[in-house]
Every structure is written in structure tokens, then in C-alpha cells.
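The file upload04.cif comes next; it holds mmCIF, C-alpha atoms.
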```cif
data_query
#
loop_
_atom_site.label_atom_id
_atom_site.label_comp_id
_atom_site.auth_asym_id
_atom_site.auth_seq_id
_atom_site.Cartn_x
_atom_site.Cartn_y
_atom_site.Cartn_z
CA ALA A 1 0.00 0.00 0.00
CA GLN A 2 1.13 3.50 -0.71
CA THR A 3 2.07 5.80 2.15
CA VAL A 4 3.03 9.45 2.40
CA THR A 5 5.14 10.71 5.29
CA GLN A 6 5.77 14.28 6.38
CA SER A 7 8.20 14.12 9.27
CA GLN A 8 8.07 17.80 10.21
CA PRO A 9 4.84 18.63 12.05
CA GLU A 10 5.82 22.30 12.26
CA MET A 11 8.39 24.60 10.67
CA SER A 12 9.19 28.28 11.06
CA VAL A 13 10.85 30.64 8.61
CA GLN A 14 11.77 34.28 8.73
CA GLU A 15 10.05 36.50 6.20
CA ALA A 16 12.06 36.72 2.94
CA GLU A 17 14.06 33.61 3.82
CA THR A 18 13.90 30.15 2.23
CA VAL A 19 12.40 27.05 3.79
CA THR A 20 12.21 23.44 2.68
CA LEU A 21 9.42 21.07 3.65
CA SER A 22 10.13 17.38 3.34
CA CYS A 23 7.95 14.55 2.11
CA THR A 24 8.73 10.90 1.52
CA TYR A 25 6.46 8.29 0.08
CA ASP A 26 6.38 4.60 -0.52
CA THR A 27 4.98 2.92 -3.60
CA SER A 28 5.68 0.01 -5.90
CA GLU A 29 4.32 1.91 -8.89
CA SER A 30 6.63 3.50 -11.42
CA ASP A 31 4.14 6.07 -12.68
CA TYR A 32 2.24 8.39 -10.36
CA TYR A 33 1.67 12.04 -9.47
CA LEU A 34 2.80 14.04 -6.47
CA PHE A 35 1.33 17.25 -5.15
CA TRP A 36 1.83 19.92 -2.55
CA TYR A 37 -1.32 21.56 -1.22
CA LYS A 38 -1.62 24.60 1.03
CA GLN A 39 -4.46 24.95 3.55
CA PRO A 40 -4.46 28.35 5.30
CA PRO A 41 -6.34 28.57 8.60
CA SER A 42 -10.09 28.54 7.94
CA ARG A 43 -9.52 28.92 4.23
CA GLN A 44 -9.75 26.70 1.22
CA MET A 45 -7.13 24.15 0.25
CA ILE A 46 -5.30 25.09 -2.92
CA LEU A 47 -2.81 23.28 -5.10
CA VAL A 48 0.70 24.70 -4.85
CA ILE A 49 2.60 22.51 -7.26
CA ARG A 50 2.34 19.19 -9.12
CA GLN A 51 4.97 16.73 -10.31
CA GLU A 52 4.49 13.85 -12.72
CA ALA A 53 6.76 10.95 -11.79
CA TYR A 54 7.76 10.31 -15.39
CA LYS A 55 9.21 13.82 -15.66
CA GLN A 56 12.78 14.14 -14.49
CA GLN A 57 12.67 17.92 -14.41
CA ASN A 58 11.66 19.39 -11.08
CA ALA A 59 8.46 21.43 -11.18
CA THR A 60 8.55 25.13 -10.33
CA GLU A 61 5.79 27.68 -9.78
CA ASN A 62 7.12 31.15 -9.08
CA ARG A 63 8.61 31.06 -5.55
CA PHE A 64 7.75 27.38 -5.11
CA SER A 65 9.90 24.55 -6.40
CA VAL A 66 10.28 20.88 -5.68
CA ASN A 67 13.21 18.55 -5.36
CA PHE A 68 11.92 15.26 -6.73
CA GLN A 69 14.20 12.30 -6.09
CA LYS A 70 12.40 9.31 -7.57
CA ALA A 71 14.87 6.65 -6.50
CA ALA A 72 14.85 7.95 -2.93
CA LYS A 73 11.06 8.47 -3.05
CA SER A 74 11.49 11.97 -1.80
CA PHE A 75 9.50 15.07 -2.80
CA SER A 76 10.47 18.20 -0.91
CA LEU A 77 9.00 21.67 -1.36
CA LYS A 78 11.20 24.76 -1.34
CA ILE A 79 9.61 28.12 -0.69
CA SER A 80 11.84 31.05 -1.57
CA ASP A 81 11.42 34.64 -0.37
CA SER A 82 8.83 33.52 2.20
CA GLN A 83 5.88 35.84 2.71
CA LEU A 84 3.45 36.18 5.59
CA GLY A 85 0.72 34.82 3.33
CA ASP A 86 2.64 31.55 3.01
CA ALA A 87 1.71 30.64 6.58
CA ALA A 88 -0.50 27.56 6.34
CA MET A 89 -0.68 23.82 6.70
CA TYR A 90 1.10 22.17 3.79
CA PHE A 91 0.08 18.70 2.69
CA CYS A 92 2.05 16.41 0.42
CA ALA A 93 -0.17 14.08 -1.62
CA TYR A 94 0.24 11.05 -3.85
CA ARG A 95 -2.01 9.99 -6.69
CA SER A 96 -1.69 6.58 -8.28
CA SER A 97 -1.36 6.33 -12.05
CA ILE A 98 -4.29 5.96 -14.40
CA GLY A 99 -2.95 2.67 -15.66
CA SER A 100 -2.63 1.09 -12.25
CA GLY A 101 -6.29 0.12 -12.24
CA THR A 102 -6.81 1.49 -8.76
CA TYR A 103 -7.35 5.08 -7.77
CA LYS A 104 -5.46 6.20 -4.71
CA TYR A 105 -5.21 9.80 -3.53
CA ILE A 106 -3.30 9.89 -0.26
CA PHE A 107 -2.35 12.90 1.80
CA GLY A 108 0.50 13.14 4.28
CA THR A 109 -0.13 14.34 7.83
CA GLY A 110 0.88 17.89 7.03
CA THR A 111 3.49 20.44 8.06
CA ARG A 112 2.36 23.66 9.68
CA LEU A 113 4.48 26.53 8.39
CA LYS A 114 4.83 29.69 10.45
CA VAL A 115 6.29 32.80 8.85
CA LEU A 116 7.92 35.22 11.26
CA ALA A 117 7.91 38.94 10.51
CA ASP B 1 -16.01 31.51 -12.06
CA THR B 2 -13.30 29.39 -10.40
CA GLU B 3 -15.17 28.64 -7.25
CA VAL B 4 -16.50 25.57 -5.53
CA THR B 5 -19.23 26.43 -3.06
CA GLN B 6 -20.48 24.31 -0.21
CA THR B 7 -23.56 24.68 1.94
CA PRO B 8 -24.13 24.79 4.78
CA LYS B 9 -20.93 26.13 6.33
CA HIS B 10 -21.77 24.54 9.66
CA LEU B 11 -24.18 21.75 10.57
CA VAL B 12 -25.14 20.26 13.90
CA MET B 13 -27.22 17.09 13.82
CA GLY B 14 -28.40 14.36 16.12
CA MET B 15 -27.69 10.71 15.50
CA THR B 16 -31.26 10.09 14.29
CA ASN B 17 -31.39 13.04 11.90
CA LYS B 18 -31.22 13.03 8.12
CA LYS B 19 -29.39 15.92 6.52
CA SER B 20 -27.64 16.72 3.26
CA LEU B 21 -24.49 18.57 2.31
CA LYS B 22 -24.40 20.39 -0.99
CA CYS B 23 -21.52 21.22 -3.30
CA GLU B 24 -21.73 23.26 -6.50
CA GLN B 25 -19.34 24.34 -9.24
CA HIS B 26 -19.85 26.10 -12.54
CA MET B 27 -16.43 25.57 -14.08
CA GLY B 28 -17.56 22.81 -16.43
CA HIS B 29 -15.71 20.23 -14.37
CA ARG B 30 -16.81 16.63 -14.85
CA ALA B 31 -15.12 15.07 -11.81
CA MET B 32 -16.24 15.81 -8.27
CA TYR B 33 -14.93 14.52 -4.97
CA TRP B 34 -15.93 14.23 -1.31
CA TYR B 35 -13.29 14.22 1.41
CA LYS B 36 -13.52 13.91 5.18
CA GLN B 37 -11.02 15.84 7.31
CA LYS B 38 -10.82 15.34 11.05
CA ALA B 39 -9.23 18.06 13.17
CA LYS B 40 -5.46 18.31 12.71
CA LYS B 41 -5.53 15.41 10.23
CA PRO B 42 -5.15 15.20 6.46
CA PRO B 43 -8.15 14.88 4.17
CA GLU B 44 -9.34 11.36 3.42
CA LEU B 45 -10.97 10.61 0.09
CA MET B 46 -14.53 9.27 0.38
CA PHE B 47 -16.12 9.32 -3.08
CA VAL B 48 -15.30 10.34 -6.63
CA TYR B 49 -17.81 11.03 -9.38
CA SER B 50 -16.82 11.16 -13.02
CA TYR B 51 -19.38 12.35 -15.56
CA GLU B 52 -22.10 12.04 -12.91
CA LYS B 53 -21.30 8.39 -12.27
CA LEU B 54 -19.84 7.09 -9.03
CA SER B 55 -16.33 5.98 -9.92
CA ILE B 56 -14.69 5.49 -6.56
CA ASN B 57 -16.11 4.61 -3.17
CA GLU B 58 -13.39 4.28 -0.57
CA SER B 59 -15.31 1.75 1.55
CA VAL B 60 -17.37 4.47 3.17
CA PRO B 61 -20.17 3.34 5.55
CA SER B 62 -23.64 3.35 4.02
CA ARG B 63 -24.82 6.08 6.41
CA PHE B 64 -23.08 8.38 3.91
CA SER B 65 -24.86 8.41 0.56
CA PRO B 66 -23.50 10.52 -2.29
CA GLU B 67 -25.52 11.78 -5.21
CA CYS B 68 -24.58 13.67 -8.36
CA PRO B 69 -27.84 14.88 -9.93
CA ASN B 70 -26.08 16.90 -12.65
CA SER B 71 -22.64 17.97 -13.73
CA SER B 72 -22.60 21.02 -11.46
CA LEU B 73 -24.00 19.59 -8.27
CA LEU B 74 -22.82 17.03 -5.75
CA ASN B 75 -24.72 16.06 -2.63
CA LEU B 76 -23.81 14.00 0.40
CA HIS B 77 -26.81 12.60 2.23
CA LEU B 78 -26.29 11.83 5.89
CA HIS B 79 -28.38 9.45 7.99
CA ALA B 80 -27.88 7.89 11.41
CA LEU B 81 -24.41 9.34 11.84
CA GLN B 82 -22.19 8.70 14.82
CA PRO B 83 -20.33 11.30 16.91
CA GLU B 84 -17.05 10.09 15.38
CA ASP B 85 -18.35 11.29 12.00
CA SER B 86 -17.92 14.87 13.21
CA ALA B 87 -15.41 16.46 10.84
CA LEU B 88 -14.88 18.98 8.06
CA TYR B 89 -16.35 17.64 4.82
CA LEU B 90 -14.58 18.97 1.77
CA CYS B 91 -15.82 18.94 -1.77
CA ALA B 92 -13.52 19.32 -4.75
CA SER B 93 -13.85 19.31 -8.50
CA SER B 94 -11.53 18.85 -11.45
CA LEU B 95 -11.84 19.10 -15.21
CA ARG B 96 -11.52 15.36 -15.63
CA LEU B 97 -10.55 12.26 -13.71
CA ALA B 98 -7.54 11.79 -15.92
CA GLY B 99 -4.37 12.56 -14.07
CA GLY B 100 -2.04 15.38 -14.94
CA SER B 101 -3.19 18.98 -15.20
CA GLN B 102 -6.77 17.97 -16.02
CA GLU B 103 -7.10 16.58 -12.54
CA THR B 104 -6.06 19.71 -10.69
CA GLN B 105 -8.56 19.74 -7.87
CA TYR B 106 -10.31 22.90 -6.77
CA PHE B 107 -11.55 22.66 -3.21
CA GLY B 108 -14.55 24.21 -1.55
CA PRO B 109 -14.35 25.76 1.93
CA GLY B 110 -15.97 22.73 3.54
CA THR B 111 -18.91 22.02 5.79
CA ARG B 112 -18.06 21.65 9.45
CA LEU B 113 -20.28 18.88 10.81
CA LEU B 114 -20.94 18.14 14.46
CA VAL B 115 -22.88 15.01 15.36
CA LEU B 116 -24.33 14.96 18.86
#
```
Write out the structure in this file as C-alpha cells.
Amino acid sequence: AQTVTQSQPEMSVQEAETVTLSCTYDTSESDYYLFWYKQPPSRQMILVIRQEAYKQQNATENRFSVNFQKAAKSFSLKISDSQLGDAAMYFCAYRSSIGSGTYKYIFGTGTRLKVLA
Amino acid sequence: DTEVTQTPKHLVMGMTNKKSLKCEQHMGHRAMYWYKQKAKKPPELMFVYSYEKLSINESVPSRFSPECPNSSLLNLHLHALQPEDSALYLCASSLRLAGGSQETQYFGPGTRLLVL
């Protein structure tokens, strides 16, 4: 069975600094999708960034980038130039491939990010 | 319109009540999802509809009954719930159930349910 692990329950970063959130996963599939979601307090969950496992190039979205290490089953999120609005719970998520025959969408336990002014 | 709306925002119900949660989107999305999120926990997928047909049921108890009457609307009917069912119920939608960018999920704000 697939699992997603976020080992950092809470992280803090100074405004304008860089922070990296870690995520590891376990799967026997070779094709899958990985996501980082942001859930601000009392606000809607939004997708931050997506990575297809078959793509070697790390995904980037403005100040957000990932370090995808397929062999190590690691998928960390780097937030550059942190802003107060980045404060939220961040969830790493795994989605099984279309061809696997089973649909799995699994979230990690989350990392709460605090941004210090 | 890039919004998923959910009503009600809050719901308190007794264990013998019947109630429904509603989710609506007008983005032309053909996949819709229900998640359950307990406090300080990650969301757990419950159901997925694709083109108004139930595609995935993650072994959810029958006291939860989903319904997708049309492509814009998703309901979750609740009956004889238990106190442990108290949680935030999130709805999401995506263009397709296809993986990749077409499956980018847009989440609603959730309905906070308390079962007494």
C-alpha cells in the first residue's frame, strides 16, 4: 500500500528567507503524481505545485519549487522569499497512475508553516 | 467563475437526523470529490464522481450516501451518523478524472459537521 510521510509537524521561517518542507512516500508503482497543497487557517485548500513521476525535471511555480528524487522516493517543497501569506498547513499528496487500475489519492499528515515577521 | 461552493458552512445534527451537504461548481468540471477531514488530520478521500457516475467509493459506511444529480451539483446525504463522523467535509472538483493537469482539484471551503 502507498504511504506518504511528512516528518516535520511544524516549521518556522523568517520572512524573505527560504524554507524546505520534506515529504517521503512509498509505492511500488513506477508512474504516479505528487502534489503539494496549502491549507491556510479557515480557508480553502489550494494546489501549490504538481509533479508527474515520469518527468525528471523538477516542477517550479514562481517562488515554489520541488526537489523530486524518484529513486529515494522523496518530494520536498522549497519556498523562496517567504511571505506572511505563506503561513498555512502544507500537505504532500500522492495519486496513483491511471494505468494502475486502482485510484489512490493519499495525503501526508501535514506540516504547519509559520512565517515570522 | 473558479469557485466551488459548499452549503451549509456549519451543521449540527443528532444521531437520528437526516441531513444533506451540498456542493456546487460552474467551471464545467466533470469530476467531483468528497473528502472527510478530522481536526489536525489530512483529508481522506470518500467518493469520486466522473461524468455524474460514481467511480470510486473508498469503503465508506452506508450512512453516507452521495448523489450527483447533474454535472454542477454534488450532494452528500447523511443518515444515522455517529459522533465520530464529526469532521470537516470537503468537496472538490476537477476538469476530468484523468491525471495530470486535467485533474487539478479545486476545493470548496468545507462544511463543518458536528454530530451529537
Please identify every residue of chain A that has at least one atom no farther than 12 Å from an atom of chain B, counting all atoms listed in the file, and for each give the shortest atom pair and the distance in Å to one decimal, arranged by chain then increasing number, as a tab-separated table.
```
residue	atom	partner	partner_atom	distance
A:Val4	CA	B:Pro42	CA	10.8
A:Thr5	CA	B:Pro42	CA	11.3
A:Gln6	CA	B:Pro42	CA	11.0
A:Pro9	CA	B:Lys40	CA	10.3
A:Glu10	CA	B:Lys40	CA	12.0
A:Asp31	CA	B:Gly99	CA	10.8
A:Tyr32	CA	B:Gly99	CA	8.7
A:Tyr33	CA	B:Gly100	CA	7.4
A:Leu34	CA	B:Gly100	CA	9.8
A:Phe35	CA	B:Thr104	CA	9.6
A:Trp36	CA	B:Thr104	CA	11.3
A:Tyr37	CA	B:Gln105	CA	10.0
A:Lys38	CA	B:Phe107	CA	11.0
A:Gln39	CA	B:Pro109	CA	10.1
A:Pro40	CA	B:Pro109	CA	10.8
A:Pro41	CA	B:Pro109	CA	10.8
A:Ser42	CA	B:Pro109	CA	7.9
A:Arg43	CA	B:Pro109	CA	6.2
A:Gln44	CA	B:Pro109	CA	4.7
A:Met45	CA	B:Phe107	CA	5.8
A:Ile46	CA	B:Tyr106	CA	6.7
A:Leu47	CA	B:Gln105	CA	7.3
A:Val48	CA	B:Thr104	CA	10.2
A:Ile49	CA	B:Thr104	CA	9.7
A:Arg50	CA	B:Gly100	CA	8.2
A:Gln51	CA	B:Gly100	CA	8.5
A:Glu52	CA	B:Gly100	CA	7.1
A:Ala53	CA	B:Gly100	CA	10.3
A:Tyr54	CA	B:Gly100	CA	11.0
A:Lys55	CA	B:Gly100	CA	11.4
A:Met89	CA	B:Lys40	CA	9.5
A:Tyr90	CA	B:Pro42	CA	9.7
A:Phe91	CA	B:Pro42	CA	7.3
A:Cys92	CA	B:Pro42	CA	9.5
A:Ala93	CA	B:Pro42	CA	9.6
A:Tyr94	CA	B:Gly99	CA	11.3
A:Arg95	CA	B:Gly99	CA	8.2
A:Ser96	CA	B:Gly99	CA	8.7
A:Ser97	CA	B:Gly99	CA	7.2
A:Ile98	CA	B:Gly99	CA	6.6
A:Gly99	CA	B:Gly99	CA	10.1
A:Ser100	CA	B:Gly99	CA	11.7
A:Gly101	CA	B:Ile56	CA	11.5
A:Thr102	CA	B:Ile56	CA	9.1
A:Tyr103	CA	B:Ile56	CA	7.5
A:Lys104	CA	B:Leu45	CA	8.5
A:Tyr105	CA	B:Leu45	CA	6.9
A:Ile106	CA	B:Glu44	CA	7.2
A:Phe107	CA	B:Pro42	CA	5.9
A:Gly108	CA	B:Pro42	CA	6.4
A:Thr109	CA	B:Pro42	CA	5.3
A:Gly110	CA	B:Pro42	CA	6.6
A:Thr111	CA	B:Pro42	CA	10.2
A:Arg112	CA	B:Lys40	CA	9.9
```
* To do: For the structure provided, state which residues fall under the PyMOL selection byres ((chain B and resi 6) around 6), and present them as number ranges by chain.
  => B: 5, 7, 22-23
* Asked: Applied to this file, what does the PyMOL selection byres ((chain B and resi 13) around 9) return in terms of residues, put as an MDAnalysis selection string?
  -> chainID B and resid 11:12 14:19 81 113:116
* Can you tell me how far CA of Leu21 in chain B sits from CA of Leu74 in chain B, in Å to one decimal? ->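 Result for CA of Leu21 in chain B versus CA of Leu74 in chain B: 8.4 Å, one decimal.
If you measure from each of A:Ser82, A:Cys23, A:Ala87, A:Ser28 to Phe68 in chain A using all atoms listed in the file, the closest one turns out to be A:Cys23.
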* By how many Å are CA of Arg30 in chain B and CA of Leu73 in chain B apart? ->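 If I compute the distance from CA of Arg30 in chain B to CA of Leu73 in chain B, I get 10.2 Å.
You will find CA of Ser30 in chain A at 23.8 Å from CA of Ser94 in chain B.
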* Asked: the PyMOL selection byres ((chain A and resi 15) around 8) on the file shown: which residues, as JSON, numbers by chain?
  -> {"A": [13, 14, 16, 17, 81, 82, 83, 84, 115, 116, 117]}
Written file, previous selection with C-alpha atoms, as a JSON list (two decimals), keeping the file's coordinate frame:
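What follows is the written file selection-v2.json:
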```json
[["chain", "number", "residue", "atom", "x", "y", "z"],
["A", 13, "VAL", "CA", 10.85, 30.64, 8.61],
["A", 14, "GLN", "CA", 11.77, 34.28, 8.73],
["A", 16, "ALA", "CA", 12.06, 36.72, 2.94],
["A", 17, "GLU", "CA", 14.06, 33.61, 3.82],
["A", 81, "ASP", "CA", 11.42, 34.64, -0.37],
["A", 82, "SER", "CA", 8.83, 33.52, 2.20],
["A", 83, "GLN", "CA", 5.88, 35.84, 2.71],
["A", 84, "LEU", "CA", 3.45, 36.18, 5.59],
["A", 115, "VAL", "CA", 6.29, 32.80, 8.85],
["A", 116, "LEU", "CA", 7.92, 35.22, 11.26],
["A", 117, "ALA", "CA", 7.91, 38.94, 10.51]]
```
* Between B:Arg112, B:Arg96, B:Lys9, B:Arg63, single out the one closest to Tyr33 in chain B, counting all atoms listed in the file. =>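 Smallest separation from Tyr33 in chain B among the options: B:Arg96.
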* Asked: Which one of A:Ala59, A:Ala1, A:Ala71, A:Met11 sits closest to Asp86 in chain A if you count all atoms listed in the file?
  -> A:Met11
The centre and edge lengths of an axis-aligned box containing all atoms of range 51-55 of chain B present in the file, extended by 8 Å on each side, are to be given in Å to one decimal, as lines of an AutoDock Vina configuration file.
```
center_x = -19.2
center_y = 9.2
center_z = -12.3
size_x = 21.8
size_y = 22.4
size_z = 22.5
```
* Top pick for closest residue to Ser93 in chain B, considering B:His77, B:His29, B:Lys36, B:Lys53 and counting all atoms listed in the file ->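 Ranking B:His77, B:His29, B:Lys36, B:Lys53 by distance to Ser93 in chain B, first place goes to B:His29.
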* **Pick from B:Gln102, B:Ser62, B:Ser50, B:Thr111, whichever lies nearest to Ala80 in chain B using only C-alpha atoms** =>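 Looking only at the distances to Ala80 in chain B, the closest residue turns out to be B:Ser62.
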